[in-house]
file upload_17.pdb (PDB, C-alpha atoms and all ligand atoms)
ATOM      1  CA  MET A 231      84.992 106.702 111.049
ATOM      2  CA  ILE A 232      88.081 105.840 109.068
ATOM      3  CA  ARG A 233      91.482 107.474 109.478
ATOM      4  CA  PHE A 234      94.345 107.042 107.045
ATOM      5  CA  LEU A 235      97.465 108.675 105.704
ATOM      6  CA  PHE A 236      96.943 110.372 102.353
ATOM      7  CA  ASN A 237      99.940 112.079 100.751
ATOM      8  CA  ASN A 238     101.629 112.389 104.150
ATOM      9  CA  GLU A 239      98.516 113.989 105.660
ATOM     10  CA  ILE A 240      96.155 112.341 108.130
ATOM     11  CA  ARG A 241      92.606 112.196 106.799
ATOM     12  CA  GLU A 242      89.510 111.295 108.771
ATOM     13  CA  GLU A 243      86.298 110.419 106.990
ATOM     14  CA  THR A 244      83.078 109.929 108.888
ATOM     15  CA  ASP A 245      80.325 109.805 106.306
ATOM     16  CA  LEU A 246      81.405 107.442 103.558
ATOM     17  CA  SER A 247      79.146 104.836 102.034
ATOM     18  CA  PRO A 248      80.235 101.252 102.756
ATOM     19  CA  ASN A 249      79.802 100.660  99.026
ATOM     20  CA  LEU A 250      82.287 103.371  98.029
ATOM     21  CA  THR A 251      85.399 101.849  96.494
ATOM     22  CA  VAL A 252      88.858 103.315  97.016
ATOM     23  CA  LEU A 253      88.941 104.061  93.300
ATOM     24  CA  ARG A 254      85.753 106.103  93.523
ATOM     25  CA  TYR A 255      86.996 107.788  96.699
ATOM     26  CA  LEU A 256      90.180 108.865  94.972
ATOM     27  CA  ARG A 257      88.385 110.072  91.866
ATOM     28  CA  GLU A 258      85.277 111.642  93.386
ATOM     29  CA  LYS A 259      86.235 112.747  96.907
ATOM     30  CA  ALA A 260      89.973 113.366  96.666
ATOM     31  CA  GLY A 261      89.965 114.925  93.202
ATOM     32  CA  ARG A 262      92.409 112.383  91.791
ATOM     33  CA  CYS A 263      90.502 111.843  88.548
ATOM     34  CA  GLY A 264      93.636 110.565  86.817
ATOM     35  CA  THR A 265      93.342 107.378  88.854
ATOM     36  CA  LYS A 266      92.151 104.596  86.570
ATOM     37  CA  GLU A 267      90.579 101.237  87.189
ATOM     38  CA  GLY A 268      92.676  98.177  86.360
ATOM     39  CA  CYS A 269      90.994  94.903  85.552
ATOM     40  CA  GLY A 270      88.019  95.571  87.843
ATOM     41  CA  SER A 271      87.782  91.903  88.742
ATOM     42  CA  GLY A 272      90.495  91.339  91.374
ATOM     43  CA  ASP A 273      93.047  89.746  89.062
ATOM     44  CA  CYS A 274      95.718  92.381  88.365
ATOM     45  CA  GLY A 275      96.382  93.762  91.875
ATOM     46  CA  ALA A 276      96.342  97.379  90.696
ATOM     47  CA  CYS A 277      93.941  98.337  93.464
ATOM     48  CA  THR A 278      95.999  96.813  96.270
ATOM     49  CA  LEU A 279      96.605  99.220  99.146
ATOM     50  CA  TYR A 280      99.668  99.314 101.379
TER      51      TYR A 280
HETATM   52  S1  LIG A 301      91.636  96.497  89.458
HETATM   53 FE1  LIG A 301      92.603  94.616  89.082
HETATM   54  S2  LIG A 301      92.722  93.699  91.003
HETATM   55 FE2  LIG A 301      91.703  95.562  91.358
END
call {"tool": "encode", "arguments": {"input": "upload_17.pdb", "output": "structure tokens"}}
result
Amino acid sequence: MIRFLFNNEIREETDLSPNLTVLRYLREKAGRCGTKEGCGSGDCGACTLY
């Protein structure tokens, strides 16, 4: 189980694949399809979470 704050709302997810990226979560599970991938290789920092 993972619990996190998403747009000031607590979300709990219990059935996510360990291979699911945050980008895919945002696009496919949270409906935020405007979210785009940056470099995709760990260089630009666009996918850094706070
Ligand atoms: S997309 Fe560039 S570091 Fe993640």
call {"tool": "closest_atom_pairs", "arguments": {"input": "upload_17.pdb", "of": "chain A", "to": "ligand LIG 301 (chain A)", "cutoff": "9 Å", "atoms": "only C-alpha atoms and all ligand atoms", "output": "CSV"}}
result
residue,atom,partner,partner_atom,distance
A:Leu253,CA,A:LIG301,S1,8.9
A:Lys266,CA,A:LIG301,S1,8.6
A:Glu267,CA,A:LIG301,S1,5.4
A:Gly268,CA,A:LIG301,S1,3.7
A:Cys269,CA,A:LIG301,FE1,3.9
A:Gly270,CA,A:LIG301,S1,4.1
A:Ser271,CA,A:LIG301,FE1,5.5
A:Gly272,CA,A:LIG301,S2,3.3
A:Asp273,CA,A:LIG301,S2,4.4
A:Cys274,CA,A:LIG301,FE1,3.9
A:Gly275,CA,A:LIG301,S2,3.8
A:Ala276,CA,A:LIG301,FE1,4.9
A:Cys277,CA,A:LIG301,FE2,4.1
A:Thr278,CA,A:LIG301,FE2,6.6
call {"tool": "atom_distance", "arguments": {"input": "upload_17.pdb", "atom1": "CA of Glu239 (chain A)", "atom2": "CA of Cys263 (chain A)"}}
result
19.0 Å
call {"tool": "atom_distance", "arguments": {"input": "upload_17.pdb", "atom1": "CA of Leu250 (chain A)", "atom2": "CA of Asn238 (chain A)"}}
result
22.2 Å
call {"tool": "resolve_selection", "arguments": {"input": "upload_17.pdb", "expression": "the PyMOL selection byres (((chain A and resi 232) around 10) and not hetatm)", "output": "PyMOL selection string"}}
result
chain A and resi 231+233-234+241-246
call {"tool": "write_last_selection", "arguments": {"input": "upload_17.pdb", "atoms": "C-alpha atoms", "output": "mmCIF file, keeping the file's coordinate frame"}}
result
data_model
loop_
_atom_site.group_PDB
_atom_site.id
_atom_site.type_symbol
_atom_site.label_atom_id
_atom_site.label_comp_id
_atom_site.auth_asym_id
_atom_site.auth_seq_id
_atom_site.Cartn_x
_atom_site.Cartn_y
_atom_site.Cartn_z
ATOM 1 C CA MET A 231 84.992 106.702 111.049
ATOM 2 C CA ARG A 233 91.482 107.474 109.478
ATOM 3 C CA PHE A 234 94.345 107.042 107.045
ATOM 4 C CA ARG A 241 92.606 112.196 106.799
ATOM 5 C CA GLU A 242 89.510 111.295 108.771
ATOM 6 C CA GLU A 243 86.298 110.419 106.990
ATOM 7 C CA THR A 244 83.078 109.929 108.888
ATOM 8 C CA ASP A 245 80.325 109.805 106.306
ATOM 9 C CA LEU A 246 81.405 107.442 103.558
#
call {"tool": "atom_distance", "arguments": {"input": "upload_17.pdb", "atom1": "CA of Lys259 (chain A)", "atom2": "CA of Leu279 (chain A)"}}
result
17.2 Å
